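Q: Just dropping this structure here.
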Amino acid sequence: MGLSGIQDSTGQAGLQAVRVLLLSNSTARHLKETLIGTGLRHGLRLDVMISEYEDPEVLLERDRDGIATFGPDIVVVAMDVHAFGLRPAPGKPEGAAAIADRALERLRAIRGSIGSSLKKPVVFHTLTPDPAHVRLHVDRLIPGSHVDLVGRVNAGLSEFARSSGDLLLDVAMLSERIGQDNWYSARHWALAKYPFAPENAPLYAEHLVRLVALKFGKSRRVLVLDLDNTMWGGIVGDDGKENLLLGPGSPVGEAHCALQAMAKELRNRGIVLCVSSKNEESVALDAFRTHPEMVLVEEDIAVFQINWTDKAANLQALSEILSLGLDSFVFLDDNPAERAQIRFALPQVAVPEVPKDVTEWIPVFQSACYFEATGFTAEDRDRVAYYRADARRTAQLKSFARQEDYLQSLDMELQVNPFDAIGRKRIAQLISKSNQFNLTTKRYSEADVASAEADPRRITMQMRLSDTFGDNGMIGVVIADIGTDAIDIDTWLMSCRVLGRGVPEATLDLLVARARDLGKEFVRGVYVPTKKNMMVADHYRNLGFELIGERPGGETAWELSVNAYQDKKPPIRIRDAVGARI
Amino acid sequence: MDKQADIVVRLQTIFREELDLPNLQISSHSTPDDVDGWDSLATIRIVAAVEREFDREFEAAQIESIRSVGDLISMIAV
């Protein structure tokens, strides 16, 4: 199907209509559909008029009426190095200056011609060297070499665009990024005068459309960063501040530092930094403020949202607090499920799909050029302080309405097994390490785990959760004692990584089923407060238990009646090997 | 389906896509004269798509000498 159909049907879809006139000295018509398609992704309905294989100044004169009828909103002067010749004049500095000046004079004249008839914003291309010319290491030392000429034109063009207020599409940077040998296709230049290899059309279109979108008010201004395994390596609530991977000494620690340094650079460009993290606020903020290897400091962050609510709710709150639209947000988080939730709930937020290995994040993040700008002013520099001062108020957290749909889309499967020899080590590890989602914080050794495994008066559960993103590994452990009239929960802990996914509800369904099978009337549990497990203080209340006792020190005892219990049935498939054995 | 017929089916998909003609029917005898919009630049686009589809790369001289769908088929079928 052609793209013309899409154009017609999306007229009322909230897309902004923009007419683009693209003037190319080479072949360009093959770019049209790629540009239109890319525009849709940026909220633009592009209408593209392409003039190809003709000098722009000739076309502007010859087709004055056609251009006026089309009525472009923006003009792209897509001239590549072939348009200017730039034949080397090695060893002749004056000659080199004259050649570059001629090219710049031409660009200024084209700008003048567009300005007099259209008064529309213009995008210029920087030049990337023509691979047909000799290119040696020595060329940078030789005035008048081809690469010297290209450098002179790019420098002059940059200066010109800075003063004229026009936009630059830095084709030189794009071709450097992917390599000039990959940028060009000599075969396609010879066959059809393609200015670059056809497979680079999507890359070119992405960057050009980003600039066009920017000119029409669509820009990214806010970077929201997660803390655990994003800002630093490790989980501060479980591992403790002193065990975080941050700073020299480990490749992961260095990568997190580098990421912070990049964020700081963005902040200095006027990008508003925020933190959204599922954590105990005091614990996370303490690490942020006092970890000696932190590159970012508290003042760099406009707003901290540290709580246990879902991240879509937190991003919405951030948007309200900052009075900046969600379409100006970029969300960086190591957890693919968090990223998916944001994409699902708030599709207008940009969510980079970073690789698993944090050392590889920066190139992926940088290649997207999220925070493109038309320039840089003193106001940009001071913007962050302004937002910080303005962000003292808090917004109401409204949980994301379609949470259930999102959970369905994750296609989760919970595999529940009794303790066994294979799981023993990992179970003991979770028991000794989990601090936050841990109701009693009882620590058991591997030997203790083995004896629980063999004890017929105990119910043991080890839980693994898999979803569309893969296997999350072992994420939960339960140990319960079979009493006379009840199942008494001795240990219930879960990895915070799978918070908000319905796992506790599924676990309780299983425990109640077990109680029914055994003819018990109640499920009972206690909460023993520690410095780190405040997040589960209301765990039993939230699940429908009744408070039956309180002890000094804050310990609480809870009871659930099995008869009155209605299964919660969260959207998780259960593969239960514990029940099967009883 | 014999090999040539299979190639024609895949080429037809490419021609329809590249020329934006959803009902186009081609045969090995089709030439630029019979097919709307099949000019020399369209040939380049079609060849780029053919190279992707069949995981091949053709020489400029071969591409230059394409005068019919049959020429394309014989390039692919080598």
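Letters for chains follow the order of the structure tokens (A, B, ...), residue numbers begin at 1 for each chain, and ligand numbers begin at 1 in the order shown.
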With only C-alpha atoms considered, list every residue of chain B at most 12 Å from chain A, as a ChimeraX atom specification.
A: /B:13-23,39-49,51-52,57-65
Q: Any chance you could list, as an mmCIF file with N, CA and C atoms, in the first residue's frame, the residues in range 200-240 of chain A that come up helix (DSSP H, G or I) when DSSP is run on the backbone?
A:
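Final file, out-v2.cif:
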```
data_model
loop_
_atom_site.group_PDB
_atom_site.id
_atom_site.type_symbol
_atom_site.label_atom_id
_atom_site.label_comp_id
_atom_site.auth_asym_id
_atom_site.auth_seq_id
_atom_site.Cartn_x
_atom_site.Cartn_y
_atom_site.Cartn_z
ATOM 1 N N ASN A 200 20.863 4.017 3.706
ATOM 2 C CA ASN A 200 20.955 5.080 4.715
ATOM 3 C C ASN A 200 19.770 6.043 4.670
ATOM 4 N N ALA A 201 18.838 5.792 3.756
ATOM 5 C CA ALA A 201 17.689 6.695 3.652
ATOM 6 C C ALA A 201 16.923 6.808 4.980
ATOM 7 N N PRO A 202 16.648 5.686 5.672
ATOM 8 C CA PRO A 202 15.922 5.826 6.945
ATOM 9 C C PRO A 202 16.688 6.650 7.987
ATOM 10 N N LEU A 203 17.997 6.486 8.029
ATOM 11 C CA LEU A 203 18.819 7.243 8.984
ATOM 12 C C LEU A 203 18.768 8.737 8.652
ATOM 13 N N TYR A 204 18.947 9.031 7.371
ATOM 14 C CA TYR A 204 18.891 10.419 6.922
ATOM 15 C C TYR A 204 17.522 11.021 7.236
ATOM 16 N N ALA A 205 16.479 10.277 6.906
ATOM 17 C CA ALA A 205 15.121 10.786 7.115
ATOM 18 C C ALA A 205 14.866 11.018 8.599
ATOM 19 N N GLU A 206 15.320 10.099 9.430
ATOM 20 C CA GLU A 206 15.106 10.240 10.867
ATOM 21 C C GLU A 206 15.705 11.557 11.378
ATOM 22 N N HIS A 207 16.919 11.831 10.951
ATOM 23 C CA HIS A 207 17.581 13.027 11.462
ATOM 24 C C HIS A 207 17.006 14.307 10.851
ATOM 25 N N LEU A 208 16.675 14.254 9.583
ATOM 26 C CA LEU A 208 16.083 15.439 8.965
ATOM 27 C C LEU A 208 14.714 15.742 9.581
ATOM 28 N N VAL A 209 13.895 14.696 9.734
ATOM 29 C CA VAL A 209 12.545 14.913 10.267
ATOM 30 C C VAL A 209 12.609 15.395 11.716
ATOM 31 N N ARG A 210 13.611 14.906 12.453
ATOM 32 C CA ARG A 210 13.786 15.380 13.822
ATOM 33 C C ARG A 210 13.996 16.897 13.842
ATOM 34 N N LEU A 211 14.796 17.391 12.904
ATOM 35 C CA LEU A 211 15.025 18.838 12.826
ATOM 36 C C LEU A 211 13.754 19.574 12.433
ATOM 37 N N VAL A 212 13.035 19.006 11.485
ATOM 38 C CA VAL A 212 11.785 19.638 11.048
ATOM 39 C C VAL A 212 10.814 19.694 12.225
ATOM 40 N N ALA A 213 10.698 18.562 12.944
ATOM 41 C CA ALA A 213 9.788 18.498 14.097
ATOM 42 C C ALA A 213 10.181 19.542 15.137
ATOM 43 N N LEU A 214 11.474 19.685 15.319
ATOM 44 C CA LEU A 214 11.998 20.654 16.281
ATOM 45 C C LEU A 214 11.548 22.067 15.909
ATOM 46 N N LYS A 215 11.650 22.373 14.618
ATOM 47 C CA LYS A 215 11.274 23.702 14.139
ATOM 48 C C LYS A 215 9.779 23.942 14.365
ATOM 49 N N VAL A 236 20.121 -0.302 45.838
ATOM 50 C CA VAL A 236 20.599 0.331 47.071
ATOM 51 C C VAL A 236 19.872 -0.202 48.300
ATOM 52 N N GLY A 237 18.569 -0.470 48.165
ATOM 53 C CA GLY A 237 17.791 -0.940 49.316
ATOM 54 C C GLY A 237 18.190 -2.326 49.779
ATOM 55 N N ASP A 238 18.672 -3.154 48.867
ATOM 56 C CA ASP A 238 19.071 -4.513 49.237
ATOM 57 C C ASP A 238 20.580 -4.616 49.454
ATOM 58 N N ASP A 239 21.335 -4.030 48.551
ATOM 59 C CA ASP A 239 22.791 -4.205 48.612
ATOM 60 C C ASP A 239 23.453 -3.236 49.593
#
```
Q: Excluding range 146-160 of chain A and any residue of its chain fewer than 6 positions from it, enumerate the residues within 12 Å of it, using only C-alpha atoms, and give them as a ChimeraX atom specification.
A: /A:80-109,111,123-140,166-173,375
Q: Which residue gives the smallest distance to Gln25 in chain B among B:Leu11, B:Val50, B:Gln4, B:Gly70, with only C-alpha atoms counted?
A: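 Looking at the shortest contact to Gln25 in chain B, the residue is B:Leu11.
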Q: So that I can see what lies close to Phe331 in chain A, please list as an mmCIF file with N, CA, C and O atoms, in the first residue's frame the residues with an atom at most 9 Å from it, counting only C-alpha atoms and leaving out residues fewer than 2 positions away in the same chain.
A:
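New file part14.cif:
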```
data_model
loop_
_atom_site.group_PDB
_atom_site.id
_atom_site.type_symbol
_atom_site.label_atom_id
_atom_site.label_comp_id
_atom_site.auth_asym_id
_atom_site.auth_seq_id
_atom_site.Cartn_x
_atom_site.Cartn_y
_atom_site.Cartn_z
ATOM 1 N N VAL A 222 13.291 16.885 28.782
ATOM 2 C CA VAL A 222 13.380 16.280 30.112
ATOM 3 C C VAL A 222 13.961 14.876 30.000
ATOM 4 O O VAL A 222 13.528 14.085 29.164
ATOM 5 N N LEU A 223 14.954 14.582 30.828
ATOM 6 C CA LEU A 223 15.480 13.217 30.918
ATOM 7 C C LEU A 223 15.156 12.673 32.302
ATOM 8 O O LEU A 223 15.580 13.235 33.314
ATOM 9 N N VAL A 224 14.374 11.589 32.316
ATOM 10 C CA VAL A 224 14.016 10.954 33.582
ATOM 11 C C VAL A 224 14.883 9.711 33.752
ATOM 12 O O VAL A 224 14.895 8.832 32.894
ATOM 13 N N LEU A 225 15.604 9.673 34.858
ATOM 14 C CA LEU A 225 16.539 8.577 35.098
ATOM 15 C C LEU A 225 16.063 7.707 36.254
ATOM 16 O O LEU A 225 15.590 8.207 37.281
ATOM 17 N N ASP A 226 16.215 6.415 36.087
ATOM 18 C CA ASP A 226 16.008 5.461 37.166
ATOM 19 C C ASP A 226 17.258 5.493 38.056
ATOM 20 O O ASP A 226 18.304 6.022 37.659
ATOM 21 N N LEU A 315 5.673 9.683 36.032
ATOM 22 C CA LEU A 315 5.999 10.553 34.911
ATOM 23 C C LEU A 315 4.890 11.580 34.680
ATOM 24 O O LEU A 315 5.165 12.742 34.357
ATOM 25 N N PHE A 329 9.499 14.275 27.071
ATOM 26 C CA PHE A 329 10.207 13.428 28.033
ATOM 27 C C PHE A 329 10.986 12.303 27.352
ATOM 28 O O PHE A 329 10.538 11.743 26.347
ATOM 29 N N ASP A 333 15.766 3.670 31.716
ATOM 30 C CA ASP A 333 15.594 2.692 32.802
ATOM 31 C C ASP A 333 16.142 1.352 32.330
ATOM 32 O O ASP A 333 15.964 0.964 31.180
ATOM 33 N N ARG A 339 10.192 -0.083 31.033
ATOM 34 C CA ARG A 339 10.192 0.607 29.736
ATOM 35 C C ARG A 339 8.910 0.278 28.980
ATOM 36 O O ARG A 339 8.272 1.150 28.394
ATOM 37 N N ILE A 342 5.890 2.172 30.333
ATOM 38 C CA ILE A 342 5.841 3.564 29.897
ATOM 39 C C ILE A 342 5.406 3.649 28.434
ATOM 40 O O ILE A 342 4.540 4.454 28.064
ATOM 41 N N VAL A 349 6.139 9.437 25.318
ATOM 42 C CA VAL A 349 7.458 9.507 25.954
ATOM 43 C C VAL A 349 8.458 8.700 25.127
ATOM 44 O O VAL A 349 8.152 7.596 24.688
ATOM 45 N N ALA A 350 9.652 9.255 24.914
ATOM 46 C CA ALA A 350 10.694 8.509 24.194
ATOM 47 C C ALA A 350 11.379 7.568 25.183
ATOM 48 O O ALA A 350 11.804 7.989 26.260
ATOM 49 N N VAL A 351 11.454 6.292 24.806
ATOM 50 C CA VAL A 351 12.024 5.289 25.711
ATOM 51 C C VAL A 351 13.106 4.511 24.972
ATOM 52 O O VAL A 351 12.808 3.601 24.205
ATOM 53 N N PRO A 352 14.386 4.888 25.160
ATOM 54 C CA PRO A 352 15.439 4.152 24.453
ATOM 55 C C PRO A 352 15.513 2.702 24.915
ATOM 56 O O PRO A 352 15.437 2.432 26.114
#
```
Q: Looking at only C-alpha atoms, which of A:Asp47, A:Asp420, A:Glu446, A:Glu353 is the one that sits closest to Met463 in chain A?
A: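 Closest to Met463 in chain A, using only C-alpha atoms: A:Asp420.
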Q: Grab the CA of Tyr406 in chain A to CA of Ile475 in chain A distance for me, in Å with one decimal place.
A: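 Distance between the two atoms: 19.8 Å.
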Q: Just asking: which residues within range 35-229 of chain A are strand (DSSP E or B) according to DSSP, as a list in words?
A: Leu44, Arg45, Leu46, Asp47, Val48, Met49, Ile50, Ser51, Ile74, Val75, Val76, Val77, Ala78, Val122, Val123, Phe124, His125, Leu167, Leu168, Leu169, Val222, Leu223, Val224, Leu225 and Asp228 of chain A
Q: Please produce a file of those selected residues containing C-alpha atoms, as a PDB file, in the first residue's frame.
A:
```pdb
ATOM      1  CA  LEU A  44       3.987  15.129  11.504  1.00  0.00           C
ATOM      2  CA  ARG A  45       1.977  14.627   8.354  1.00  0.00           C
ATOM      3  CA  LEU A  46       4.575  15.620   5.798  1.00  0.00           C
ATOM      4  CA  ASP A  47       3.790  16.707   2.304  1.00  0.00           C
ATOM      5  CA  VAL A  48       7.056  16.552   0.397  1.00  0.00           C
ATOM      6  CA  MET A  49       7.960  18.319  -2.828  1.00  0.00           C
ATOM      7  CA  ILE A  50      11.282  17.182  -4.199  1.00  0.00           C
ATOM      8  CA  SER A  51      13.383  18.901  -6.785  1.00  0.00           C
ATOM      9  CA  ILE A  74      10.285  24.663   5.430  1.00  0.00           C
ATOM     10  CA  VAL A  75      12.975  24.382   2.754  1.00  0.00           C
ATOM     11  CA  VAL A  76      15.760  21.810   2.838  1.00  0.00           C
ATOM     12  CA  VAL A  77      18.824  22.728   0.798  1.00  0.00           C
ATOM     13  CA  ALA A  78      19.990  19.152   0.379  1.00  0.00           C
ATOM     14  CA  VAL A 122      15.823  26.678   5.865  1.00  0.00           C
ATOM     15  CA  VAL A 123      17.805  23.537   6.633  1.00  0.00           C
ATOM     16  CA  PHE A 124      21.331  23.337   5.206  1.00  0.00           C
ATOM     17  CA  HIS A 125      23.465  20.212   4.954  1.00  0.00           C
ATOM     18  CA  LEU A 167      19.182  24.864  10.865  1.00  0.00           C
ATOM     19  CA  LEU A 168      22.082  22.595  10.037  1.00  0.00           C
ATOM     20  CA  LEU A 169      21.645  18.933   9.268  1.00  0.00           C
ATOM     21  CA  VAL A 222      13.380  16.280  30.112  1.00  0.00           C
ATOM     22  CA  LEU A 223      15.480  13.217  30.918  1.00  0.00           C
ATOM     23  CA  VAL A 224      14.016  10.954  33.582  1.00  0.00           C
ATOM     24  CA  LEU A 225      16.539   8.577  35.098  1.00  0.00           C
ATOM     25  CA  ASP A 228      19.084   1.194  40.740  1.00  0.00           C
TER      26      ASP A 228
END
```
Q: Nearest residue to Gly37 in chain B out of B:Leu24, B:Ile73, B:Phe54, B:Ile66, using only C-alpha atoms?
A: B:Leu24
Q: Rounded to one decimal in Å, what is the spacing between CA of Pro347 in chain A and CA of Arg497 in chain A?
A: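 Between these atoms lies a distance of 22.2 Å.
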Q: At a cut-off of 6 Å, using only C-alpha atoms, what residues contact Ala197 in chain A? Leave out same-chain residues fewer than 5 positions from it and give the result as a list in words.
A: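 Once the nearby chain positions are removed, what remains is Trp183, Tyr184 and Ser185 of chain A.
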Q: Just how far from CA of Val478 in chain A is CA of Ala577 in chain A, in Å to one decimal?
A: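 CA of Ala577 in chain A sits 13.9 Å away from CA of Val478 in chain A.
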